[in-house]
$ cat target-v3.cif   # mmCIF, C-alpha atoms
data_final
loop_
_atom_site.group_PDB
_atom_site.id
_atom_site.type_symbol
_atom_site.label_atom_id
_atom_site.label_comp_id
_atom_site.auth_asym_id
_atom_site.auth_seq_id
_atom_site.Cartn_x
_atom_site.Cartn_y
_atom_site.Cartn_z
ATOM 1 C CA MET I 1 -16.056 -23.306 -29.178
ATOM 2 C CA ILE I 2 -16.967 -20.076 -27.366
ATOM 3 C CA ALA I 3 -13.758 -20.244 -25.331
ATOM 4 C CA ASN I 4 -11.720 -20.678 -28.521
ATOM 5 C CA ARG I 5 -13.398 -17.673 -30.132
ATOM 6 C CA LEU I 6 -12.750 -15.550 -27.071
ATOM 7 C CA LYS I 7 -9.130 -16.647 -27.132
ATOM 8 C CA LEU I 8 -8.757 -15.645 -30.774
ATOM 9 C CA VAL I 9 -10.283 -12.236 -30.093
ATOM 10 C CA CYS I 10 -7.902 -11.659 -27.197
ATOM 11 C CA ILE I 11 -4.866 -12.734 -29.220
ATOM 12 C CA ALA I 12 -5.814 -10.217 -31.885
ATOM 13 C CA ALA I 13 -6.217 -7.558 -29.235
ATOM 14 C CA VAL I 14 -2.750 -8.238 -27.841
ATOM 15 C CA MET I 15 -1.264 -7.915 -31.301
ATOM 16 C CA VAL I 16 -2.524 -4.352 -31.699
ATOM 17 C CA LEU I 17 -1.099 -3.070 -28.435
ATOM 18 C CA THR I 18 1.092 -0.099 -29.242
ATOM 19 C CA GLY I 19 3.467 2.127 -27.368
ATOM 20 C CA CYS I 20 3.489 -0.048 -24.257
ATOM 21 C CA ALA I 21 7.120 0.549 -23.414
ATOM 22 C CA SER I 22 6.944 4.318 -23.642
ATOM 23 C CA SER I 23 6.046 6.773 -20.915
ATOM 24 C CA GLN I 24 3.053 7.788 -23.053
ATOM 25 C CA ALA I 25 1.595 4.313 -23.335
ATOM 26 C CA LYS I 26 -1.450 3.807 -25.534
ATOM 27 C CA TRP I 27 -3.454 0.660 -26.016
ATOM 28 C CA THR I 28 -5.673 -0.011 -29.026
ATOM 29 C CA HIS I 29 -8.340 -2.615 -28.252
ATOM 30 C CA PRO I 30 -6.717 -4.089 -25.124
ATOM 31 C CA PRO I 31 -7.585 -7.714 -24.270
ATOM 32 C CA MET I 32 -10.952 -7.952 -22.545
ATOM 33 C CA ALA I 33 -13.211 -10.659 -21.194
ATOM 34 C CA VAL I 34 -16.986 -10.727 -21.050
ATOM 35 C CA PRO I 35 -17.653 -9.113 -17.636
ATOM 36 C CA PHE I 36 -18.982 -11.320 -14.853
ATOM 37 C CA GLN I 37 -22.786 -11.302 -14.643
ATOM 38 C CA PRO I 38 -25.093 -12.382 -11.807
ATOM 39 C CA THR I 39 -25.809 -16.095 -12.158
ATOM 40 C CA ILE I 40 -29.200 -17.694 -11.752
ATOM 41 C CA GLN I 41 -27.817 -19.650 -8.796
ATOM 42 C CA GLN I 42 -26.807 -16.448 -7.009
ATOM 43 C CA GLN I 43 -30.208 -14.895 -7.600
ATOM 44 C CA ILE I 44 -32.052 -17.995 -6.395
ATOM 45 C CA GLN I 45 -29.877 -18.148 -3.283
ATOM 46 C CA LEU I 46 -30.557 -14.488 -2.522
ATOM 47 C CA ALA I 47 -34.300 -15.044 -2.870
ATOM 48 C CA ARG I 48 -34.126 -18.115 -0.639
ATOM 49 C CA ILE I 49 -32.269 -16.248 2.112
ATOM 50 C CA ASP I 50 -34.723 -13.335 1.882
ATOM 51 C CA GLN I 51 -37.575 -15.770 2.438
ATOM 52 C CA LEU I 52 -35.845 -17.475 5.362
ATOM 53 C CA LEU I 53 -35.167 -14.149 7.070
ATOM 54 C CA LYS I 54 -38.921 -13.509 7.217
ATOM 55 C CA ARG I 55 -39.376 -16.452 9.570
ATOM 56 C CA ASP I 56 -39.728 -15.725 13.269
ATOM 57 C CA ASP I 57 -38.746 -19.140 14.596
ATOM 58 C CA LEU I 58 -34.995 -18.918 14.001
ATOM 59 C CA ASP I 59 -32.414 -18.409 16.738
ATOM 60 C CA LYS I 60 -29.983 -15.484 16.684
ATOM 61 C CA ALA I 61 -26.982 -17.558 15.606
ATOM 62 C CA THR I 62 -28.845 -18.873 12.567
ATOM 63 C CA VAL I 63 -30.098 -15.426 11.576
ATOM 64 C CA ALA I 64 -26.583 -14.005 12.015
ATOM 65 C CA GLN I 65 -25.219 -16.698 9.673
ATOM 66 C CA MET I 66 -27.875 -15.925 7.075
ATOM 67 C CA PHE I 67 -27.101 -12.220 7.152
ATOM 68 C CA TYR I 68 -23.418 -13.086 6.704
ATOM 69 C CA GLU I 69 -24.145 -15.387 3.760
ATOM 70 C CA ARG I 70 -26.391 -12.800 2.126
ATOM 71 C CA GLY I 71 -23.652 -10.231 2.661
ATOM 72 C CA LEU I 72 -21.174 -12.462 0.833
ATOM 73 C CA LEU I 73 -23.609 -12.859 -2.039
ATOM 74 C CA ASN I 74 -24.193 -9.118 -2.272
ATOM 75 C CA ASP I 75 -20.442 -8.572 -2.149
ATOM 76 C CA SER I 76 -19.873 -11.024 -5.007
ATOM 77 C CA LEU I 77 -22.421 -9.042 -7.061
ATOM 78 C CA GLY I 78 -20.757 -5.714 -6.342
ATOM 79 C CA LEU I 79 -23.576 -4.563 -4.030
ATOM 80 C CA ARG I 80 -21.177 -3.505 -1.319
ATOM 81 C CA ASP I 81 -23.406 -1.071 0.563
ATOM 82 C CA LEU I 82 -26.034 -3.784 0.927
ATOM 83 C CA ALA I 83 -23.339 -6.268 1.871
ATOM 84 C CA ARG I 84 -21.985 -3.974 4.564
ATOM 85 C CA LEU I 85 -25.473 -3.578 6.040
ATOM 86 C CA ASP I 86 -25.824 -7.361 6.170
ATOM 87 C CA PHE I 87 -22.425 -7.807 7.799
ATOM 88 C CA ASN I 88 -23.253 -5.195 10.441
ATOM 89 C CA GLN I 89 -26.591 -6.913 11.081
ATOM 90 C CA SER I 90 -24.805 -10.218 11.488
ATOM 91 C CA LEU I 91 -22.339 -8.736 13.983
ATOM 92 C CA SER I 92 -25.129 -7.142 16.008
ATOM 93 C CA LEU I 93 -26.601 -10.609 16.532
ATOM 94 C CA LYS I 94 -23.328 -12.472 17.007
ATOM 95 C CA PRO I 95 -20.342 -10.237 17.842
ATOM 96 C CA ASN I 96 -17.573 -12.861 17.834
ATOM 97 C CA GLN I 97 -17.217 -13.484 14.089
ATOM 98 C CA PRO I 98 -13.639 -13.068 12.795
ATOM 99 C CA ASP I 99 -14.667 -13.476 9.143
ATOM 100 C CA VAL I 100 -17.143 -10.605 9.404
ATOM 101 C CA PHE I 101 -14.585 -8.304 11.010
ATOM 102 C CA ASN I 102 -12.141 -9.255 8.249
ATOM 103 C CA ILE I 103 -14.447 -8.350 5.351
ATOM 104 C CA LEU I 104 -15.493 -5.131 7.085
ATOM 105 C CA GLY I 105 -11.810 -4.283 7.448
ATOM 106 C CA VAL I 106 -11.403 -4.692 3.699
ATOM 107 C CA TYR I 107 -14.363 -2.362 3.159
ATOM 108 C CA PHE I 108 -12.849 0.239 5.474
ATOM 109 C CA THR I 109 -9.574 -0.018 3.524
ATOM 110 C CA GLN I 110 -11.396 0.493 0.221
ATOM 111 C CA SER I 111 -12.989 3.662 1.557
ATOM 112 C CA ALA I 112 -9.667 4.875 3.057
ATOM 113 C CA HIS I 113 -10.943 4.661 6.657
ATOM 114 C CA PHE I 114 -7.691 3.128 7.767
ATOM 115 C CA ASP I 115 -7.983 3.408 11.547
ATOM 116 C CA ALA I 116 -11.302 1.565 11.409
ATOM 117 C CA ALA I 117 -9.680 -1.036 9.139
ATOM 118 C CA TYR I 118 -6.827 -1.638 11.584
ATOM 119 C CA GLU I 119 -9.314 -2.110 14.423
ATOM 120 C CA ALA I 120 -11.384 -4.556 12.381
ATOM 121 C CA PHE I 121 -8.364 -6.676 11.457
ATOM 122 C CA ASP I 122 -7.105 -6.553 15.048
ATOM 123 C CA SER I 123 -10.484 -7.912 16.132
ATOM 124 C CA THR I 124 -10.237 -10.674 13.529
ATOM 125 C CA LEU I 125 -6.819 -11.742 14.757
ATOM 126 C CA GLU I 126 -7.856 -11.573 18.407
ATOM 127 C CA LEU I 127 -10.733 -13.936 17.674
ATOM 128 C CA ASN I 128 -8.722 -16.146 15.333
ATOM 129 C CA PRO I 129 -4.918 -15.670 15.383
ATOM 130 C CA GLN I 130 -4.626 -18.175 12.514
ATOM 131 C CA HIS I 131 -7.075 -16.400 10.207
ATOM 132 C CA PRO I 132 -5.805 -17.007 6.647
ATOM 133 C CA PHE I 133 -6.368 -13.492 5.296
ATOM 134 C CA ALA I 134 -6.453 -10.965 8.133
ATOM 135 C CA LEU I 135 -2.680 -10.542 8.434
ATOM 136 C CA ARG I 136 -2.359 -9.880 4.712
ATOM 137 C CA ASN I 137 -5.326 -7.551 4.707
ATOM 138 C CA ARG I 138 -4.046 -5.598 7.704
ATOM 139 C CA GLY I 139 -0.666 -5.307 5.985
ATOM 140 C CA ILE I 140 -2.335 -3.940 2.860
ATOM 141 C CA ALA I 141 -4.367 -1.466 4.935
ATOM 142 C CA LEU I 142 -1.186 -0.310 6.675
ATOM 143 C CA TYR I 143 0.512 0.062 3.273
ATOM 144 C CA TYR I 144 -2.275 2.254 1.938
ATOM 145 C CA GLY I 145 -2.367 4.124 5.243
ATOM 146 C CA GLY I 146 1.312 5.016 4.865
ATOM 147 C CA ARG I 147 2.479 3.002 7.878
ATOM 148 C CA LEU I 148 5.153 1.168 5.933
ATOM 149 C CA ALA I 149 7.191 -0.333 8.775
ATOM 150 C CA LEU I 150 4.132 -1.960 10.325
ATOM 151 C CA ALA I 151 2.897 -3.037 6.886
ATOM 152 C CA HIS I 152 6.261 -4.667 6.238
ATOM 153 C CA ASP I 153 6.098 -6.566 9.527
ATOM 154 C CA ASP I 154 2.679 -8.039 8.676
ATOM 155 C CA LEU I 155 3.395 -8.812 5.041
ATOM 156 C CA LEU I 156 6.796 -10.353 5.786
ATOM 157 C CA VAL I 157 5.233 -12.766 8.281
ATOM 158 C CA HIS I 158 2.465 -13.489 5.784
ATOM 159 C CA TYR I 159 5.060 -14.219 3.073
ATOM 160 C CA GLN I 160 7.024 -16.509 5.381
ATOM 161 C CA GLN I 161 3.866 -18.544 5.957
ATOM 162 C CA GLY I 162 3.601 -19.285 2.219
ATOM 163 C CA VAL I 163 6.782 -18.611 0.254
ATOM 164 C CA ASN I 164 5.374 -20.176 -2.927
ATOM 165 C CA ASP I 165 2.465 -17.734 -3.109
ATOM 166 C CA PRO I 166 3.397 -15.020 -5.647
ATOM 167 C CA TYR I 167 0.819 -12.540 -4.357
ATOM 168 C CA ARG I 168 2.422 -12.522 -0.911
ATOM 169 C CA VAL I 169 5.718 -11.706 -2.617
ATOM 170 C CA ILE I 170 4.158 -8.946 -4.723
ATOM 171 C CA TRP I 171 2.455 -7.075 -1.877
ATOM 172 C CA LEU I 172 5.603 -7.289 0.216
ATOM 173 C CA TYR I 173 7.496 -5.892 -2.771
ATOM 174 C CA PHE I 174 5.135 -2.904 -2.974
ATOM 175 C CA VAL I 175 5.966 -1.951 0.601
ATOM 176 C CA GLU I 176 9.691 -2.477 0.116
ATOM 177 C CA PHE I 177 9.614 -0.455 -3.113
ATOM 178 C CA GLU I 178 8.317 2.530 -1.139
ATOM 179 C CA GLN I 179 11.152 2.075 1.362
ATOM 180 C CA ASP I 180 14.039 1.427 -1.063
ATOM 181 C CA SER I 181 13.268 0.597 -4.696
ATOM 182 C CA GLU I 182 16.675 -0.911 -5.545
ATOM 183 C CA THR I 183 16.770 -3.200 -2.523
ATOM 184 C CA ALA I 184 13.137 -4.160 -3.170
ATOM 185 C CA ALA I 185 13.999 -5.362 -6.676
ATOM 186 C CA GLN I 186 16.879 -7.455 -5.345
ATOM 187 C CA LYS I 187 14.685 -9.072 -2.690
ATOM 188 C CA LEU I 188 11.979 -9.709 -5.259
ATOM 189 C CA LYS I 189 14.472 -11.598 -7.399
ATOM 190 C CA LEU I 190 15.724 -13.659 -4.445
ATOM 191 C CA ARG I 191 12.191 -14.632 -3.439
ATOM 192 C CA TYR I 192 11.310 -15.523 -7.011
ATOM 193 C CA ASP I 193 14.406 -17.735 -7.316
ATOM 194 C CA ALA I 194 13.539 -19.466 -4.023
ATOM 195 C CA SER I 195 9.950 -20.259 -5.066
ATOM 196 C CA ASP I 196 8.545 -23.273 -6.866
ATOM 197 C CA LYS I 197 7.210 -20.960 -9.645
ATOM 198 C CA GLN I 198 4.106 -23.125 -10.064
ATOM 199 C CA ASP I 199 1.342 -20.542 -9.650
ATOM 200 C CA TRP I 200 0.320 -18.449 -12.661
ATOM 201 C CA GLY I 201 0.893 -15.320 -10.579
ATOM 202 C CA TRP I 202 4.653 -15.758 -10.878
ATOM 203 C CA GLN I 203 4.256 -14.350 -14.395
ATOM 204 C CA ILE I 204 3.484 -11.040 -12.719
ATOM 205 C CA VAL I 205 6.742 -11.279 -10.793
ATOM 206 C CA ARG I 206 8.600 -12.097 -14.010
ATOM 207 C CA LEU I 207 7.086 -8.970 -15.559
ATOM 208 C CA TYR I 208 8.330 -6.896 -12.621
ATOM 209 C CA LEU I 209 11.792 -8.427 -12.941
ATOM 210 C CA GLY I 210 11.944 -7.621 -16.654
ATOM 211 C CA GLU I 211 12.112 -11.281 -17.671
ATOM 212 C CA ILE I 212 9.069 -10.907 -19.939
ATOM 213 C CA THR I 213 7.694 -7.928 -21.803
ATOM 214 C CA GLU I 214 4.320 -6.363 -21.321
ATOM 215 C CA ALA I 215 3.095 -7.800 -24.635
ATOM 216 C CA GLN I 216 4.303 -11.286 -23.668
ATOM 217 C CA PHE I 217 2.575 -10.966 -20.304
ATOM 218 C CA LEU I 218 -0.781 -10.065 -21.845
ATOM 219 C CA ASN I 219 -0.369 -12.671 -24.572
ATOM 220 C CA GLU I 220 0.187 -15.292 -21.860
ATOM 221 C CA ILE I 221 -3.135 -14.339 -20.296
ATOM 222 C CA ALA I 222 -4.966 -14.298 -23.602
ATOM 223 C CA THR I 223 -3.671 -17.589 -24.961
ATOM 224 C CA LYS I 224 -3.578 -19.720 -21.805
ATOM 225 C CA SER I 225 -6.825 -18.771 -20.091
ATOM 226 C CA GLU I 226 -9.101 -21.805 -20.343
ATOM 227 C CA SER I 227 -12.462 -20.062 -19.970
ATOM 228 C CA ASN I 228 -13.990 -16.614 -19.985
ATOM 229 C CA ASP I 229 -14.120 -16.667 -16.176
ATOM 230 C CA GLN I 230 -10.422 -17.407 -15.933
ATOM 231 C CA LEU I 231 -9.690 -14.772 -18.560
ATOM 232 C CA ALA I 232 -11.665 -12.157 -16.606
ATOM 233 C CA GLU I 233 -9.891 -13.074 -13.377
ATOM 234 C CA ARG I 234 -6.409 -13.010 -14.857
ATOM 235 C CA LEU I 235 -7.010 -9.751 -16.703
ATOM 236 C CA THR I 236 -8.263 -8.195 -13.470
ATOM 237 C CA GLU I 237 -5.012 -9.189 -11.817
ATOM 238 C CA GLY I 238 -2.874 -8.426 -14.844
ATOM 239 C CA TYR I 239 -4.175 -4.904 -15.420
ATOM 240 C CA PHE I 240 -4.003 -4.031 -11.722
ATOM 241 C CA TYR I 241 -0.388 -5.113 -11.314
ATOM 242 C CA LEU I 242 0.583 -3.573 -14.639
ATOM 243 C CA ALA I 243 -1.003 -0.320 -13.456
ATOM 244 C CA LYS I 244 1.241 -0.434 -10.395
ATOM 245 C CA VAL I 245 4.277 -0.500 -12.697
ATOM 246 C CA TYR I 246 3.183 2.668 -14.479
ATOM 247 C CA GLN I 247 2.254 4.275 -11.188
ATOM 248 C CA GLN I 248 5.757 3.590 -9.858
ATOM 249 C CA GLN I 249 7.094 5.263 -13.009
ATOM 250 C CA ASN I 250 4.852 8.301 -12.370
ATOM 251 C CA ASP I 251 2.921 7.648 -15.583
ATOM 252 C CA PHE I 252 -0.383 8.317 -13.884
ATOM 253 C CA SER I 253 -2.559 8.589 -16.986
ATOM 254 C CA ALA I 254 -1.583 5.084 -18.076
ATOM 255 C CA ALA I 255 -2.000 3.788 -14.530
ATOM 256 C CA VAL I 256 -5.535 5.192 -14.233
ATOM 257 C CA MET I 257 -6.498 3.674 -17.571
ATOM 258 C CA LEU I 258 -5.202 0.268 -16.496
ATOM 259 C CA TYR I 259 -7.003 0.419 -13.166
ATOM 260 C CA LYS I 260 -10.202 1.106 -15.105
ATOM 261 C CA LEU I 261 -9.498 -1.977 -17.198
ATOM 262 C CA ALA I 262 -8.978 -3.982 -13.989
ATOM 263 C CA LEU I 263 -12.476 -2.948 -12.944
ATOM 264 C CA ALA I 264 -14.025 -3.866 -16.291
ATOM 265 C CA GLY I 265 -14.374 -7.608 -15.670
ATOM 266 C CA ASN I 266 -16.675 -7.185 -12.636
ATOM 267 C CA VAL I 267 -14.550 -9.636 -10.635
ATOM 268 C CA TYR I 268 -15.747 -7.996 -7.449
ATOM 269 C CA GLU I 269 -14.276 -10.463 -4.958
ATOM 270 C CA PHE I 270 -10.657 -10.066 -6.088
ATOM 271 C CA VAL I 271 -8.508 -7.668 -4.060
ATOM 272 C CA GLU I 272 -7.248 -6.254 -7.354
ATOM 273 C CA HIS I 273 -10.775 -5.149 -8.229
ATOM 274 C CA ARG I 274 -11.420 -3.952 -4.676
ATOM 275 C CA PHE I 275 -8.408 -1.663 -4.599
ATOM 276 C CA SER I 276 -8.437 -0.341 -8.165
ATOM 277 C CA LEU I 277 -10.918 2.393 -7.237
ATOM 278 C CA LEU I 278 -8.821 3.269 -4.193
ATOM 279 C CA GLU I 279 -5.717 3.547 -6.378
ATOM 280 C CA ILE I 280 -7.527 5.796 -8.871
ATOM 281 C CA SER I 281 -8.770 7.979 -6.034
ATOM 282 C CA ARG I 282 -5.267 8.266 -4.577
ATOM 283 C CA ILE I 283 -3.792 9.239 -7.939
ATOM 284 C CA MET I 284 -6.475 11.825 -8.593
ATOM 285 C CA THR I 285 -6.176 13.324 -5.119
ATOM 286 C CA ALA I 286 -2.395 13.612 -5.409
ATOM 287 C CA TYR I 287 -2.593 15.089 -8.904
ATOM 288 C CA GLU I 288 -5.246 17.642 -8.025
ATOM 289 C CA ALA I 289 -3.325 18.705 -4.944
ATOM 290 C CA GLN I 290 -0.430 19.642 -7.211
ATOM 291 C CA ASN I 291 -2.102 20.768 -10.428
ATOM 292 C CA GLY I 292 -5.813 21.268 -9.882
ATOM 293 C CA PRO I 293 -8.572 19.064 -11.320
ATOM 294 C CA LYS I 294 -7.851 17.024 -14.442
ATOM 295 C CA ASP I 295 -10.134 14.970 -16.656
ATOM 296 C CA THR I 296 -8.613 11.498 -17.185
ATOM 297 C CA ASN I 297 -11.525 10.024 -19.194
#
$ encode --input "target-v3.cif" --output "structure tokens"
Amino acid sequence: MIANRLKLVCIAAVMVLTGCASSQAKWTHPPMAVPFQPTIQQQIQLARIDQLLKRDDLDKATVAQMFYERGLLNDSLGLRDLARLDFNQSLSLKPNQPDVFNILGVYFTQSAHFDAAYEAFDSTLELNPQHPFALRNRGIALYYGGRLALAHDDLLVHYQQGVNDPYRVIWLYFVEFEQDSETAAQKLKLRYDASDKQDWGWQIVRLYLGEITEAQFLNEIATKSESNDQLAERLTEGYFYLAKVYQQQNDFSAAVMLYKLALAGNVYEFVEHRFSLLEISRIMTAYEAQNGPKDTN
């Protein structure tokens, strides 16, 4: 019943979107989900780990694992400074942890410390060449760091390892768009045609290819999300990737607004949430360098 009510609210919100195709896009009551909240299970697990860490009869490997697990919990709650402290504590006790280097690399990317990010991802891949996320994450860090050729190398290999994953296609497209926008669109189409099109994320690719409109894209999210959690996750993705469209069109006010909407669901673990603040910061820095400070609230 609650899910149905949320769906009806979101459908109504989609219907009052206005001006979406113009360069001065305005949204009235955009689709929203109830933001993620800390669960009782997360809070109990945090308390349990805190109690265990007070014991003095645990070996270093066990304590390192507990710091890592508490770091993941803090990260999932948006407590990233606390999470980073836990991850560093874990590494100090057990230095050969590829997963810890990987998440720290993501944190360095978020804070635009790109050289540190590259080193962290290099460490991950040295410890585990088959790590499922480090190659992608290093490619994204290289993209944000402006090292497009190296970013393309990483993201192309990552795409080739999973050609039916739409997000691999999308991040590769971002790099190729910066290199040659027309060729990037052609390659995006070829990769879409070659995929199995099963994952929901291919709707994002269809939006980029102009096969569906912005209103249809948001309506798809609103009507086909099966729970509030799924709605929050898909809106986080949807608003982030829609913001990239407006950013590519130099409509920075609309892009900033959409990045803020991507942050609104509190889906802290998604890369789209992680990098929305970085995107806003990049837009603001570029704008202020050219025009002086501007209030985008």
$ residues_around --input "target-v3.cif" --residues "region 34-40 of chain I" --least-positions-apart "2" --cutoff "6 Å" --atoms "only C-alpha atoms" --output "PyMOL selection string"
chain I and resi 42-43+265-266
$ atom_distance --input "target-v3.cif" --atom1 "CA of Leu79 (chain I)" --atom2 "CA of Glu269 (chain I)"
11.1 Å
$ closest_atom_pairs --input "target-v3.cif" --of "region 262-292 of chain I" --to "region 247-256 of chain I" --cutoff "9 Å" --atoms "only C-alpha atoms" --output "CSV"
residue,atom,partner,partner_atom,distance
I:Ser276,CA,I:Val256,CA,8.7
I:Glu279,CA,I:Val256,CA,8.0
I:Ile280,CA,I:Val256,CA,5.8
I:Ile283,CA,I:Phe252,CA,6.9
I:Met284,CA,I:Val256,CA,8.8
I:Tyr287,CA,I:Phe252,CA,8.7
$ closest_residue --input "target-v3.cif" --among "I:Val169, I:Val175, I:Ala215, I:Met66" --to "Asp193 (chain I)" --atoms "all atoms listed in the file"
I:Val169
$ closest_residue --input "target-v3.cif" --among "I:Leu190, I:Leu242, I:Ile140, I:Leu85" --to "Thr213 (chain I)" --atoms "all atoms listed in the file"
I:Leu242
$ axis_aligned_box --input "target-v3.cif" --around "region 259-273 of chain I" --padding-each-side "8 Å" --output "JSON"
{"center_x": -11.8, "center_y": -4.7, "center_z": -10.6, "size_x": 25.7, "size_y": 27.6, "size_z": 29.1}
$ closest_residue --input "target-v3.cif" --among "I:Thr109, I:Ala33, I:Ser195, I:Leu52" --to "Glu226 (chain I)" --atoms "only C-alpha atoms"
I:Ala33
$ residues_around --input "target-v3.cif" --residues "Asp154 (chain I)" --least-positions-apart "5" --cutoff "12 Å" --atoms "only C-alpha atoms" --output "mmCIF file with C-alpha atoms, in the frame of the given file"
data_model
loop_
_atom_site.group_PDB
_atom_site.id
_atom_site.type_symbol
_atom_site.label_atom_id
_atom_site.label_comp_id
_atom_site.auth_asym_id
_atom_site.auth_seq_id
_atom_site.Cartn_x
_atom_site.Cartn_y
_atom_site.Cartn_z
ATOM 1 C CA TYR I 118 -6.827 -1.638 11.584
ATOM 2 C CA PHE I 121 -8.364 -6.676 11.457
ATOM 3 C CA ASP I 122 -7.105 -6.553 15.048
ATOM 4 C CA LEU I 125 -6.819 -11.742 14.757
ATOM 5 C CA PHE I 133 -6.368 -13.492 5.296
ATOM 6 C CA ALA I 134 -6.453 -10.965 8.133
ATOM 7 C CA LEU I 135 -2.680 -10.542 8.434
ATOM 8 C CA ARG I 136 -2.359 -9.880 4.712
ATOM 9 C CA ASN I 137 -5.326 -7.551 4.707
ATOM 10 C CA ARG I 138 -4.046 -5.598 7.704
ATOM 11 C CA GLY I 139 -0.666 -5.307 5.985
ATOM 12 C CA ILE I 140 -2.335 -3.940 2.860
ATOM 13 C CA ALA I 141 -4.367 -1.466 4.935
ATOM 14 C CA LEU I 142 -1.186 -0.310 6.675
ATOM 15 C CA TYR I 143 0.512 0.062 3.273
ATOM 16 C CA ARG I 147 2.479 3.002 7.878
ATOM 17 C CA LEU I 148 5.153 1.168 5.933
ATOM 18 C CA ALA I 149 7.191 -0.333 8.775
ATOM 19 C CA TYR I 159 5.060 -14.219 3.073
ATOM 20 C CA GLN I 160 7.024 -16.509 5.381
ATOM 21 C CA GLN I 161 3.866 -18.544 5.957
ATOM 22 C CA ARG I 168 2.422 -12.522 -0.911
ATOM 23 C CA TRP I 171 2.455 -7.075 -1.877
ATOM 24 C CA LEU I 172 5.603 -7.289 0.216
ATOM 25 C CA VAL I 175 5.966 -1.951 0.601
#
$ resolve_selection --input "target-v3.cif" --expression "the PyMOL selection byres ((chain I and resi 94) around 12)" --output "list in words"
Asp59, Lys60, Ala61, Thr62, Val63, Ala64, Gln65, Met66, Phe67, Tyr68, Phe87, Asn88, Gln89, Ser90, Leu91, Ser92, Leu93, Pro95, Asn96, Gln97, Pro98, Asp99, Val100 and Phe101 of chain I
$ residues_around --input "target-v3.cif" --residues "Gly71 (chain I)" --least-positions-apart "5" --cutoff "7 Å" --atoms "all atoms listed in the file" --output "JSON, numbers by chain"
{"I": [83, 84, 86, 87]}
$ atom_distance --input "target-v3.cif" --atom1 "CA of Ile103 (chain I)" --atom2 "CA of Leu188 (chain I)"
28.5 Å
$ decode --input "target-v3.cif" --residues "region 39-65 of chain I" --atoms "C-alpha atoms" --output "mmCIF file, in the first residue's frame"
data_model
loop_
_atom_site.group_PDB
_atom_site.id
_atom_site.type_symbol
_atom_site.label_atom_id
_atom_site.label_comp_id
_atom_site.auth_asym_id
_atom_site.auth_seq_id
_atom_site.Cartn_x
_atom_site.Cartn_y
_atom_site.Cartn_z
ATOM 1 C CA THR I 39 18.273 1.224 10.070
ATOM 2 C CA ILE I 40 18.065 -0.395 13.469
ATOM 3 C CA GLN I 41 20.229 -3.231 12.144
ATOM 4 C CA GLN I 42 22.994 -0.810 11.166
ATOM 5 C CA GLN I 43 22.892 0.874 14.554
ATOM 6 C CA ILE I 44 22.967 -2.437 16.423
ATOM 7 C CA GLN I 45 25.890 -3.629 14.308
ATOM 8 C CA LEU I 46 27.811 -0.423 14.999
ATOM 9 C CA ALA I 47 27.232 -0.806 18.736
ATOM 10 C CA ARG I 48 28.320 -4.445 18.607
ATOM 11 C CA ILE I 49 31.567 -3.609 16.801
ATOM 12 C CA ASP I 50 32.273 -0.767 19.248
ATOM 13 C CA GLN I 51 31.938 -3.229 22.111
ATOM 14 C CA LEU I 52 34.161 -5.820 20.439
ATOM 15 C CA LEU I 53 36.888 -3.253 19.791
ATOM 16 C CA LYS I 54 37.173 -2.672 23.547
ATOM 17 C CA ARG I 55 38.408 -6.226 24.049
ATOM 18 C CA ASP I 56 42.131 -6.765 24.470
ATOM 19 C CA ASP I 57 42.267 -10.433 23.516
ATOM 20 C CA LEU I 58 41.846 -10.053 19.755
ATOM 21 C CA ASP I 59 44.642 -10.498 17.226
ATOM 22 C CA LYS I 60 45.604 -7.738 14.792
ATOM 23 C CA ALA I 61 43.953 -9.358 11.773
ATOM 24 C CA THR I 62 40.617 -9.577 13.578
ATOM 25 C CA VAL I 63 40.805 -5.988 14.810
ATOM 26 C CA ALA I 64 41.752 -4.818 11.302
ATOM 27 C CA GLN I 65 38.673 -6.591 9.897
#
